[in-house]
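Enquirer: My structure is stored as target36.cif, with mmCIF, C-alpha atoms.
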data_protein
#
loop_
_atom_site.group_PDB
_atom_site.id
_atom_site.type_symbol
_atom_site.label_atom_id
_atom_site.label_comp_id
_atom_site.auth_asym_id
_atom_site.auth_seq_id
_atom_site.Cartn_x
_atom_site.Cartn_y
_atom_site.Cartn_z
ATOM 1 C CA GLN Y 858 7.196 -18.557 -1.757
ATOM 2 C CA MET Y 859 3.934 -20.506 -1.397
ATOM 3 C CA LYS Y 860 3.495 -23.072 -4.151
ATOM 4 C CA ARG Y 861 -0.211 -23.746 -3.577
ATOM 5 C CA PRO Y 862 -2.899 -21.849 -5.549
ATOM 6 C CA MET Y 863 -4.749 -19.042 -3.724
ATOM 7 C CA SER Y 864 -8.362 -17.924 -3.901
ATOM 8 C CA PRO Y 865 -8.868 -14.678 -5.818
ATOM 9 C CA HIS Y 866 -9.094 -11.643 -3.542
ATOM 10 C CA LEU Y 867 -8.180 -8.328 -5.133
ATOM 11 C CA THR Y 868 -9.547 -9.440 -8.482
ATOM 12 C CA ILE Y 869 -13.029 -10.207 -7.212
ATOM 13 C CA TYR Y 870 -13.628 -7.850 -4.289
ATOM 14 C CA LYS Y 871 -15.873 -4.996 -5.327
ATOM 15 C CA PRO Y 872 -14.257 -1.572 -4.849
ATOM 16 C CA GLN Y 873 -16.177 0.256 -2.160
ATOM 17 C CA LEU Y 874 -16.069 3.729 -0.720
ATOM 18 C CA THR Y 875 -14.353 2.531 2.439
ATOM 19 C CA SER Y 876 -11.571 0.609 0.756
ATOM 20 C CA MET Y 877 -11.061 3.198 -1.989
ATOM 21 C CA LEU Y 878 -10.747 6.022 0.516
ATOM 22 C CA SER Y 879 -8.366 3.938 2.572
ATOM 23 C CA ILE Y 880 -6.071 2.888 -0.245
ATOM 24 C CA THR Y 881 -5.985 6.465 -1.537
ATOM 25 C CA HIS Y 882 -4.895 7.589 1.907
ATOM 26 C CA ARG Y 883 -2.050 5.114 1.792
ATOM 27 C CA ALA Y 884 -1.183 5.916 -1.818
ATOM 28 C CA THR Y 885 -1.067 9.685 -1.233
ATOM 29 C CA GLY Y 886 1.071 9.166 1.860
ATOM 30 C CA ALA Y 887 3.487 6.928 0.003
ATOM 31 C CA ALA Y 888 3.657 9.261 -2.989
ATOM 32 C CA LEU Y 889 4.237 12.337 -0.828
ATOM 33 C CA THR Y 890 6.940 10.603 1.173
ATOM 34 C CA GLY Y 891 8.571 9.264 -1.959
ATOM 35 C CA GLY Y 892 8.538 12.673 -3.605
ATOM 36 C CA MET Y 893 9.895 14.352 -0.501
ATOM 37 C CA TYR Y 894 12.685 11.789 -0.187
ATOM 38 C CA LEU Y 895 13.595 12.287 -3.862
ATOM 39 C CA PHE Y 896 13.676 16.057 -3.393
ATOM 40 C CA ALA Y 897 15.849 15.707 -0.295
ATOM 41 C CA MET Y 898 18.300 13.383 -1.995
ATOM 42 C CA HIS Y 899 18.379 15.733 -4.959
ATOM 43 C CA ALA Y 900 19.195 18.600 -2.613
ATOM 44 C CA LEU Y 901 22.317 16.771 -1.503
ATOM 45 C CA VAL Y 902 23.561 16.138 -5.030
ATOM 46 C CA VAL Y 903 22.815 19.183 -7.206
ATOM 47 C CA PRO Y 904 25.011 21.660 -5.310
ATOM 48 C CA ALA Y 905 27.964 19.710 -6.640
ATOM 49 C CA PHE Y 906 26.862 20.850 -10.089
ATOM 50 C CA GLY Y 907 26.516 24.448 -9.006
ATOM 51 C CA TRP Y 908 22.727 24.500 -8.739
ATOM 52 C CA ASP Y 909 20.571 25.912 -5.986
ATOM 53 C CA PHE Y 910 16.834 26.234 -5.543
ATOM 54 C CA THR Y 911 16.591 29.858 -6.637
ATOM 55 C CA MET Y 912 18.313 29.002 -9.914
ATOM 56 C CA ALA Y 913 15.872 26.162 -10.490
ATOM 57 C CA ILE Y 914 12.891 28.446 -9.857
ATOM 58 C CA ASN Y 915 14.282 31.081 -12.210
ATOM 59 C CA MET Y 916 14.808 28.423 -14.855
ATOM 60 C CA ILE Y 917 11.160 27.392 -14.578
ATOM 61 C CA LYS Y 918 10.110 31.022 -14.788
ATOM 62 C CA GLY Y 919 12.198 31.293 -17.932
ATOM 63 C CA TRP Y 920 10.103 28.598 -19.587
ATOM 64 C CA GLU Y 921 7.148 30.998 -19.386
ATOM 65 C CA LEU Y 922 4.658 28.188 -18.981
ATOM 66 C CA PRO Y 923 0.987 28.955 -19.497
ATOM 67 C CA TRP Y 924 -0.935 29.866 -16.377
ATOM 68 C CA ALA Y 925 -3.111 26.770 -16.767
ATOM 69 C CA VAL Y 926 -0.066 24.500 -16.676
ATOM 70 C CA ILE Y 927 1.305 26.127 -13.544
ATOM 71 C CA VAL Y 928 -2.017 25.985 -11.732
ATOM 72 C CA SER Y 929 -2.479 22.349 -12.733
ATOM 73 C CA ALA Y 930 0.969 21.534 -11.412
ATOM 74 C CA LYS Y 931 0.193 23.273 -8.135
ATOM 75 C CA TRP Y 932 -3.040 21.351 -7.906
ATOM 76 C CA LEU Y 933 -1.194 18.077 -8.504
ATOM 77 C CA LEU Y 934 1.126 18.905 -5.627
ATOM 78 C CA ALA Y 935 -1.530 20.193 -3.264
ATOM 79 C CA TRP Y 936 -4.273 17.589 -3.775
ATOM 80 C CA PRO Y 937 -2.446 14.643 -2.178
ATOM 81 C CA VAL Y 938 -1.506 16.799 0.807
ATOM 82 C CA ALA Y 939 -5.078 17.969 1.242
ATOM 83 C CA TYR Y 940 -6.593 14.508 0.793
ATOM 84 C CA HIS Y 941 -4.117 12.843 3.143
ATOM 85 C CA THR Y 942 -4.645 15.517 5.789
ATOM 86 C CA LEU Y 943 -8.433 15.423 5.618
ATOM 87 C CA ASN Y 944 -8.566 11.629 5.587
ATOM 88 C CA GLY Y 945 -6.060 11.777 8.427
ATOM 89 C CA PHE Y 946 -8.730 13.563 10.448
ATOM 90 C CA ARG Y 947 -11.022 10.590 9.870
ATOM 91 C CA HIS Y 948 -8.320 8.247 11.142
ATOM 92 C CA MET Y 949 -7.825 10.460 14.174
ATOM 93 C CA ALA Y 950 -11.531 10.302 14.948
ATOM 94 C CA TRP Y 951 -11.459 6.501 14.744
ATOM 95 C CA ASP Y 952 -8.390 6.362 16.948
ATOM 96 C CA LEU Y 953 -10.253 8.404 19.537
ATOM 97 C CA GLY Y 954 -13.131 5.975 19.323
ATOM 98 C CA TYR Y 955 -15.656 7.961 17.323
ATOM 99 C CA GLY Y 956 -17.478 6.831 14.263
ATOM 100 C CA PHE Y 957 -18.070 3.134 14.895
ATOM 101 C CA ASN Y 958 -21.785 3.307 15.647
ATOM 102 C CA ILE Y 959 -24.347 3.018 12.891
ATOM 103 C CA SER Y 960 -26.939 5.693 13.467
ATOM 104 C CA LEU A 250 17.346 -19.170 32.661
ATOM 105 C CA VAL A 251 15.012 -21.764 31.144
ATOM 106 C CA GLY A 252 16.267 -24.854 29.336
ATOM 107 C CA ARG A 253 15.584 -25.592 25.693
ATOM 108 C CA ARG A 254 13.196 -28.447 26.446
ATOM 109 C CA GLU A 255 11.045 -26.334 28.745
ATOM 110 C CA THR A 256 11.171 -23.549 26.202
ATOM 111 C CA LYS A 257 9.968 -25.822 23.412
ATOM 112 C CA MET A 258 7.232 -27.249 25.618
ATOM 113 C CA ALA A 259 6.090 -23.797 26.577
ATOM 114 C CA ALA A 260 6.212 -22.697 22.969
ATOM 115 C CA SER A 261 4.220 -25.675 21.742
ATOM 116 C CA VAL A 262 1.632 -25.324 24.495
ATOM 117 C CA GLY A 263 1.351 -21.653 23.760
ATOM 118 C CA ILE A 264 1.105 -22.210 20.054
ATOM 119 C CA LEU A 265 -1.618 -24.820 20.493
ATOM 120 C CA ARG A 266 -3.518 -22.252 22.483
ATOM 121 C CA LEU A 267 -2.894 -19.736 19.745
ATOM 122 C CA ALA A 268 -4.358 -22.087 17.169
ATOM 123 C CA ARG A 269 -7.471 -22.677 19.235
ATOM 124 C CA ARG A 270 -8.135 -19.259 20.717
ATOM 125 C CA ASN A 271 -6.514 -17.065 18.104
ATOM 126 C CA VAL A 272 -5.007 -14.871 20.793
ATOM 127 C CA LEU A 273 -1.812 -13.158 19.826
ATOM 128 C CA PHE A 274 0.024 -13.562 23.121
ATOM 129 C CA SER A 275 -1.090 -16.111 25.646
ATOM 130 C CA PRO A 276 0.258 -15.570 29.179
ATOM 131 C CA ARG A 277 2.421 -18.673 28.877
ATOM 132 C CA LEU A 278 4.340 -17.187 25.954
ATOM 133 C CA VAL A 279 5.255 -13.855 27.424
ATOM 134 C CA THR A 280 6.396 -14.979 30.832
ATOM 135 C CA ARG A 281 9.380 -16.911 29.600
ATOM 136 C CA SER A 282 11.645 -17.013 26.609
ATOM 137 C CA PHE A 283 9.949 -18.242 23.485
ATOM 138 C CA VAL A 284 10.558 -18.999 19.851
ATOM 139 C CA ALA A 285 9.447 -16.044 17.780
ATOM 140 C CA SER A 286 7.114 -17.824 15.440
ATOM 141 C CA GLY A 287 5.810 -16.896 12.061
ATOM 142 C CA MET A 288 2.540 -18.718 11.648
ATOM 143 C CA VAL A 289 2.390 -20.124 8.146
ATOM 144 C CA HIS A 290 -0.733 -21.426 6.509
ATOM 145 C CA GLN A 291 0.140 -24.884 5.278
ATOM 146 C CA ASN A 292 -3.257 -26.566 5.667
ATOM 147 C CA ARG A 293 -3.017 -25.707 9.366
ATOM 148 C CA LEU A 294 -1.164 -23.152 11.428
ATOM 149 C CA GLN A 295 2.368 -24.326 11.940
ATOM 150 C CA PRO A 296 5.114 -22.542 13.779
ATOM 151 C CA VAL A 297 8.059 -21.649 11.591
ATOM 152 C CA GLN A 298 11.379 -21.327 13.303
ATOM 153 C CA THR A 299 12.742 -17.850 12.889
ATOM 154 C CA THR A 300 14.696 -16.585 15.865
ATOM 155 C CA GLN A 301 14.866 -17.372 19.522
ATOM 156 C CA PHE A 302 15.233 -14.511 21.922
ATOM 157 C CA HIS A 303 14.532 -13.590 25.520
ATOM 158 C CA THR A 304 12.281 -10.745 26.461
ATOM 159 C CA SER A 305 10.884 -9.476 29.707
ATOM 160 C CA PRO A 306 7.141 -9.982 30.217
ATOM 161 C CA GLN A 307 4.858 -7.636 28.259
ATOM 162 C CA SER A 308 7.885 -5.958 26.710
ATOM 163 C CA LEU A 309 7.038 -6.445 23.035
ATOM 164 C CA ALA A 310 3.396 -5.540 23.413
ATOM 165 C CA ALA A 311 4.274 -2.483 25.452
ATOM 166 C CA GLN A 312 6.746 -1.351 22.808
ATOM 167 C CA ALA A 313 4.171 -1.767 20.054
ATOM 168 C CA SER A 314 1.639 0.160 22.080
ATOM 169 C CA SER A 315 3.962 3.084 22.726
ATOM 170 C CA HIS A 316 4.932 3.173 19.066
ATOM 171 C CA TRP A 317 1.258 3.454 18.120
ATOM 172 C CA ASN A 318 0.833 6.315 20.578
ATOM 173 C CA ALA A 319 3.945 8.028 19.286
ATOM 174 C CA GLU A 320 2.593 7.849 15.732
ATOM 175 C CA ARG A 321 -0.606 9.622 16.797
ATOM 176 C CA VAL A 322 1.308 12.259 18.794
ATOM 177 C CA LEU A 323 3.490 12.933 15.763
ATOM 178 C CA ALA A 324 0.425 13.282 13.538
ATOM 179 C CA VAL A 325 -1.051 15.870 15.893
ATOM 180 C CA GLY A 326 2.333 17.603 15.980
ATOM 181 C CA LEU A 327 2.290 17.771 12.210
ATOM 182 C CA LEU A 328 -1.194 19.250 12.354
ATOM 183 C CA THR A 329 0.177 22.107 14.456
ATOM 184 C CA ILE A 330 3.455 22.768 12.722
ATOM 185 C CA ILE A 331 2.028 22.911 9.201
ATOM 186 C CA PRO A 332 -0.511 25.659 9.951
ATOM 187 C CA ALA A 333 2.217 27.399 11.961
ATOM 188 C CA ALA A 334 4.330 27.459 8.804
ATOM 189 C CA PHE A 335 1.616 29.520 7.109
ATOM 190 C CA VAL A 336 1.748 32.084 9.916
ATOM 191 C CA VAL A 337 5.481 32.381 10.607
ATOM 192 C CA GLN A 338 8.474 31.292 8.566
ATOM 193 C CA ASN A 339 11.765 30.748 10.323
ATOM 194 C CA PRO A 340 14.471 28.086 10.693
ATOM 195 C CA VAL A 341 12.739 26.546 13.692
ATOM 196 C CA ILE A 342 9.735 25.731 11.529
ATOM 197 C CA ASP A 343 12.007 24.557 8.719
ATOM 198 C CA TYR A 344 13.907 22.052 10.834
ATOM 199 C CA GLY A 345 10.793 21.018 12.730
ATOM 200 C CA LEU A 346 9.051 20.300 9.447
ATOM 201 C CA ALA A 347 12.056 18.344 8.201
ATOM 202 C CA ALA A 348 12.094 16.148 11.293
ATOM 203 C CA ALA A 349 8.334 15.682 11.581
ATOM 204 C CA LEU A 350 7.708 14.995 7.900
ATOM 205 C CA VAL A 351 10.541 12.486 7.546
ATOM 206 C CA LEU A 352 9.592 10.654 10.719
ATOM 207 C CA HIS A 353 5.908 10.554 9.749
ATOM 208 C CA GLY A 354 6.787 9.254 6.286
ATOM 209 C CA HIS A 355 9.260 6.751 7.681
ATOM 210 C CA TRP A 356 6.762 5.288 10.132
ATOM 211 C CA GLY A 357 4.095 5.246 7.457
ATOM 212 C CA PHE A 358 6.313 3.308 5.076
ATOM 213 C CA GLU A 359 7.168 0.873 7.866
ATOM 214 C CA GLN A 360 3.477 0.048 8.140
ATOM 215 C CA ILE A 361 3.209 -0.400 4.380
ATOM 216 C CA PHE A 362 6.167 -2.789 4.386
ATOM 217 C CA THR A 363 4.742 -4.686 7.331
ATOM 218 C CA ASP A 364 1.457 -5.124 5.498
ATOM 219 C CA TYR A 365 2.700 -6.165 2.093
ATOM 220 C CA ILE A 366 6.182 -7.634 2.407
ATOM 221 C CA HIS A 367 6.414 -11.058 3.969
ATOM 222 C CA GLY A 368 8.962 -13.777 4.439
ATOM 223 C CA PRO A 369 12.189 -14.381 6.313
ATOM 224 C CA LEU A 370 14.482 -11.977 4.469
ATOM 225 C CA LEU A 371 12.682 -9.332 2.383
ATOM 226 C CA PRO A 372 11.094 -7.451 5.298
ATOM 227 C CA ARG A 373 14.481 -7.047 6.991
ATOM 228 C CA LEU A 374 16.162 -5.851 3.815
ATOM 229 C CA SER A 375 13.398 -3.383 3.067
ATOM 230 C CA LYS A 376 13.423 -1.985 6.609
ATOM 231 C CA ILE A 377 17.195 -1.502 6.441
ATOM 232 C CA ALA A 378 16.843 0.231 3.071
ATOM 233 C CA LEU A 379 14.078 2.419 4.497
ATOM 234 C CA TYR A 380 16.277 3.445 7.426
ATOM 235 C CA GLY A 381 19.012 4.408 4.999
ATOM 236 C CA ALA A 382 16.635 6.379 2.814
ATOM 237 C CA SER A 383 15.096 8.201 5.765
ATOM 238 C CA ILE A 384 18.452 9.186 7.196
ATOM 239 C CA VAL A 385 19.618 10.487 3.818
ATOM 240 C CA ALA A 386 16.317 12.308 3.320
ATOM 241 C CA PHE A 387 16.531 14.002 6.705
ATOM 242 C CA ALA A 388 20.144 14.948 6.015
ATOM 243 C CA GLY A 389 19.135 16.330 2.649
ATOM 244 C CA LEU A 390 16.343 18.455 4.114
ATOM 245 C CA CYS A 391 18.635 19.774 6.847
ATOM 246 C CA TYR A 392 21.257 20.597 4.210
ATOM 247 C CA PHE A 393 18.577 22.369 2.194
ATOM 248 C CA ASN A 394 17.464 24.325 5.257
ATOM 249 C CA TYR A 395 21.028 25.320 6.095
ATOM 250 C CA ASN A 396 22.600 25.997 2.716
ATOM 251 C CA ASP A 397 19.605 26.980 0.652
ATOM 252 C CA VAL A 398 16.357 28.872 1.068
ATOM 253 C CA GLY A 399 14.688 26.439 3.497
ATOM 254 C CA ILE A 400 11.404 24.534 3.255
ATOM 255 C CA CYS A 401 8.983 27.383 4.018
ATOM 256 C CA LYS A 402 10.620 29.765 1.557
ATOM 257 C CA ALA A 403 10.843 27.038 -1.067
ATOM 258 C CA VAL A 404 7.123 26.336 -0.890
ATOM 259 C CA ALA A 405 6.407 30.060 -1.088
ATOM 260 C CA MET A 406 8.626 30.388 -4.166
ATOM 261 C CA VAL A 407 6.979 27.483 -5.934
ATOM 262 C CA TRP A 408 3.541 28.829 -5.123
ATOM 263 C CA ALA A 409 4.465 32.261 -6.498
ATOM 264 C CA LEU A 410 5.372 30.799 -9.894
ATOM 265 C CA ASP A 411 2.087 31.801 -11.491
ATOM 266 C CA LYS A 412 2.443 35.484 -10.791
#
As structure tokens, please, write out the structure in this file.
Expert:
Amino acid sequence: QMKRPMSPHLTIYKPQLTSMLSITHRATGAALTGGMYLFAMHALVVPAFGWDFTMAINMIKGWELPWAVIVSAKWLLAWPVAYHTLNGFRHMAWDLGYGFNIS
Amino acid sequence: LVGRRETKMAASVGILRLARRNVLFSPRLVTRSFVASGMVHQNRLQPVQTTQFHTSPQSLAAQASSHWNAERVLAVGLLTIIPAAFVVQNPVIDYGLAAALVLHGHWGFEQIFTDYIHGPLLPRLSKIALYGASIVAFAGLCYFNYNDVGICKAVAMVWALDK
């Protein structure tokens, strides 16, 4: 859209704790929402093929995955929720006005 | 009703003030109809004609402010309903979670689009697509709550997979 050259920004700015925490908050939120939306859309479609959630769970149980795989998968699901919630507390504190003084 | 010439004069005066003081809404702009301007960096701030609409004074700012408040209220609501889901599981929690999670995600994605998608057309298209996706997602979660095990039970079933 703009034809003129721009100064580098993302390529030169040093990653810092503040910006990394912030972008992770946004990324986890986007990923969780995206995943939830995909699940919800899936839920509307698969019944037409005769599937329901219990059948899907039983199918996964039938794979007899190693315990380590299941726990890793649970961790992959839970970590974004935990991070987003805890970082959300930080945002809440800022919104209430706390945390702007250097002390 | 204000004529076009007065509108353009008011808009240009207001925009000159914008360029000097960097204030988002000068009093001149909000007390009469104005050209909604995108400010584009082409060596200097220039107003870009987008749409012209009438609004009552303070209306846009007030709407933005209430939206911000609503986002925070929803976040606190989520912080109550999620722990509640650990304590009790019933359809009220299921549908409450469906509504709160979709709305929270929808508003979050709106902010992401506002931050990263610019221009005359792409933001509008993406917001329309987001509305569609959110409505379908909410419908899907409600369908899941009604015709299948429901959100709380589903999470419990997934979490019991390693037993």
Enquirer: Which residue gives the smallest distance to Trp924 in chain Y among A:Leu379, A:Gly354, A:Pro372, A:Ala409, with all atoms listed in the file counted?
Expert: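 Ranked by minimum distance to Trp924 in chain Y, first place goes to A:Ala409.
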Enquirer: What gap, in Å, lies between CA of Gly891 in chain Y and CA of Ala388 in chain A?
Expert: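 Distance between the two atoms: 15.2 Å.
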Enquirer: If you apply the PyMOL selection byres ((chain Y) within 7 of (chain A)) to this file, what residues do you get, as a VMD selection string?
Expert: chain Y and resid 887 890 894 897 to 898 900 to 901 909 to 910 918 924 927
Enquirer: When you draw a straight line from CA of Pro904 in chain Y to CA of Tyr380 in chain A, how long is it in Å?
Expert: 23.9 Å
Enquirer: Quick one: everything within 12 Å of Ile880 in chain Y, counting only C-alpha atoms, minus sequence neighbours fewer than 5 positions away in the same chain. Send it as an NGL selection string.
Expert: (:Y and (872-875 or 885-888 or 940-941 or 944)) or (:A and (361))
Enquirer: Go ahead and save the picked residues with C-alpha atoms, as a CSV table (one decimal), keeping the file's coordinate frame.
Expert:
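Wrote it out as out_36.csv, contents follow:
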chain,number,residue,atom,x,y,z
Y,872,PRO,CA,-14.3,-1.6,-4.8
Y,873,GLN,CA,-16.2,0.3,-2.2
Y,874,LEU,CA,-16.1,3.7,-0.7
Y,875,THR,CA,-14.4,2.5,2.4
Y,885,THR,CA,-1.1,9.7,-1.2
Y,886,GLY,CA,1.1,9.2,1.9
Y,887,ALA,CA,3.5,6.9,0.0
Y,888,ALA,CA,3.7,9.3,-3.0
Y,940,TYR,CA,-6.6,14.5,0.8
Y,941,HIS,CA,-4.1,12.8,3.1
Y,944,ASN,CA,-8.6,11.6,5.6
A,361,ILE,CA,3.2,-0.4,4.4
Enquirer: Pick from Y:Met949, Y:Leu889, Y:Ser864, Y:Ile917: nearest to Leu933 in chain Y, with all atoms listed in the file counted?
Expert: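 The answer is Y:Leu889, which sits nearest to Leu933 in chain Y.
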Enquirer: Give the answer as one residue: which of A:Ile331, A:Leu309, A:Ile377, A:Val322 has the shortest atom-to-atom distance to Asp952 in chain Y, using all atoms listed in the file?
Expert: A:Val322
Enquirer: Once you add 5 Å to each side, what are the centre and edge lengths of the axis-aligned box holding all listed atoms of range 946-960 of chain Y? One decimal in Å, as lines of an AutoDock Vina configuration file, if you can.
Expert:
center_x = -17.4
center_y = 8.3
center_z = 14.7
size_x = 29.1
size_y = 20.5
size_z = 19.7
Enquirer: Rebuild range 915-940 of chain Y so that it carries N, CA and C atoms, then output the result as an mmCIF file, in the frame of the given file.
Expert:
data_model
loop_
_atom_site.group_PDB
_atom_site.id
_atom_site.type_symbol
_atom_site.label_atom_id
_atom_site.label_comp_id
_atom_site.auth_asym_id
_atom_site.auth_seq_id
_atom_site.Cartn_x
_atom_site.Cartn_y
_atom_site.Cartn_z
ATOM 1 N N ASN Y 915 14.130 30.116 -11.113
ATOM 2 C CA ASN Y 915 14.282 31.081 -12.210
ATOM 3 C C ASN Y 915 14.269 30.392 -13.557
ATOM 4 N N MET Y 916 14.835 29.161 -13.594
ATOM 5 C CA MET Y 916 14.808 28.423 -14.855
ATOM 6 C C MET Y 916 13.372 28.135 -15.257
ATOM 7 N N ILE Y 917 12.564 27.703 -14.266
ATOM 8 C CA ILE Y 917 11.160 27.392 -14.578
ATOM 9 C C ILE Y 917 10.432 28.655 -15.017
ATOM 10 N N LYS Y 918 10.743 29.766 -14.365
ATOM 11 C CA LYS Y 918 10.110 31.022 -14.788
ATOM 12 C C LYS Y 918 10.498 31.351 -16.221
ATOM 13 N N GLY Y 919 11.739 31.016 -16.568
ATOM 14 C CA GLY Y 919 12.198 31.293 -17.932
ATOM 15 C C GLY Y 919 11.429 30.516 -18.987
ATOM 16 N N TRP Y 920 10.880 29.372 -18.621
ATOM 17 C CA TRP Y 920 10.103 28.598 -19.587
ATOM 18 C C TRP Y 920 8.820 29.310 -19.981
ATOM 19 N N GLU Y 921 8.382 30.243 -19.136
ATOM 20 C CA GLU Y 921 7.148 30.998 -19.386
ATOM 21 C C GLU Y 921 6.005 30.053 -19.716
ATOM 22 N N LEU Y 922 5.740 29.145 -18.797
ATOM 23 C CA LEU Y 922 4.658 28.188 -18.981
ATOM 24 C C LEU Y 922 3.312 28.896 -18.879
ATOM 25 N N PRO Y 923 2.324 28.381 -19.610
ATOM 26 C CA PRO Y 923 0.987 28.955 -19.497
ATOM 27 C C PRO Y 923 0.468 28.859 -18.071
ATOM 28 N N TRP Y 924 -0.367 29.807 -17.704
ATOM 29 C CA TRP Y 924 -0.935 29.866 -16.377
ATOM 30 C C TRP Y 924 -1.660 28.568 -16.043
ATOM 31 N N ALA Y 925 -2.347 27.986 -17.020
ATOM 32 C CA ALA Y 925 -3.111 26.770 -16.767
ATOM 33 C C ALA Y 925 -2.184 25.627 -16.378
ATOM 34 N N VAL Y 926 -1.002 25.574 -17.000
ATOM 35 C CA VAL Y 926 -0.066 24.500 -16.676
ATOM 36 C C VAL Y 926 0.444 24.655 -15.253
ATOM 37 N N ILE Y 927 0.766 25.902 -14.889
ATOM 38 C CA ILE Y 927 1.305 26.127 -13.544
ATOM 39 C C ILE Y 927 0.253 25.802 -12.493
ATOM 40 N N VAL Y 928 -0.963 26.249 -12.723
ATOM 41 C CA VAL Y 928 -2.017 25.985 -11.732
ATOM 42 C C VAL Y 928 -2.290 24.492 -11.635
ATOM 43 N N SER Y 929 -2.277 23.800 -12.780
ATOM 44 C CA SER Y 929 -2.479 22.349 -12.733
ATOM 45 C C SER Y 929 -1.383 21.672 -11.942
ATOM 46 N N ALA Y 930 -0.142 22.133 -12.145
ATOM 47 C CA ALA Y 930 0.969 21.534 -11.412
ATOM 48 C C ALA Y 930 0.822 21.776 -9.918
ATOM 49 N N LYS Y 931 0.402 22.980 -9.554
ATOM 50 C CA LYS Y 931 0.193 23.273 -8.135
ATOM 51 C C LYS Y 931 -0.906 22.399 -7.565
ATOM 52 N N TRP Y 932 -1.937 22.195 -8.344
ATOM 53 C CA TRP Y 932 -3.040 21.351 -7.906
ATOM 54 C C TRP Y 932 -2.560 19.925 -7.692
ATOM 55 N N LEU Y 933 -1.729 19.422 -8.619
ATOM 56 C CA LEU Y 933 -1.194 18.077 -8.504
ATOM 57 C C LEU Y 933 -0.343 17.906 -7.260
ATOM 58 N N LEU Y 934 0.328 18.981 -6.847
ATOM 59 C CA LEU Y 934 1.126 18.905 -5.627
ATOM 60 C C LEU Y 934 0.248 19.024 -4.385
ATOM 61 N N ALA Y 935 -0.753 19.887 -4.465
ATOM 62 C CA ALA Y 935 -1.530 20.193 -3.264
ATOM 63 C C ALA Y 935 -2.586 19.141 -2.962
ATOM 64 N N TRP Y 936 -3.150 18.498 -4.003
ATOM 65 C CA TRP Y 936 -4.273 17.589 -3.775
ATOM 66 C C TRP Y 936 -3.908 16.419 -2.859
ATOM 67 N N PRO Y 937 -2.762 15.740 -3.092
ATOM 68 C CA PRO Y 937 -2.446 14.643 -2.178
ATOM 69 C C PRO Y 937 -2.273 15.108 -0.737
ATOM 70 N N VAL Y 938 -1.680 16.288 -0.550
ATOM 71 C CA VAL Y 938 -1.506 16.799 0.807
ATOM 72 C C VAL Y 938 -2.865 17.031 1.454
ATOM 73 N N ALA Y 939 -3.756 17.668 0.704
ATOM 74 C CA ALA Y 939 -5.078 17.969 1.242
ATOM 75 C C ALA Y 939 -5.840 16.688 1.544
ATOM 76 N N TYR Y 940 -5.843 15.747 0.583
ATOM 77 C CA TYR Y 940 -6.593 14.508 0.793
ATOM 78 C C TYR Y 940 -6.048 13.766 2.008
#
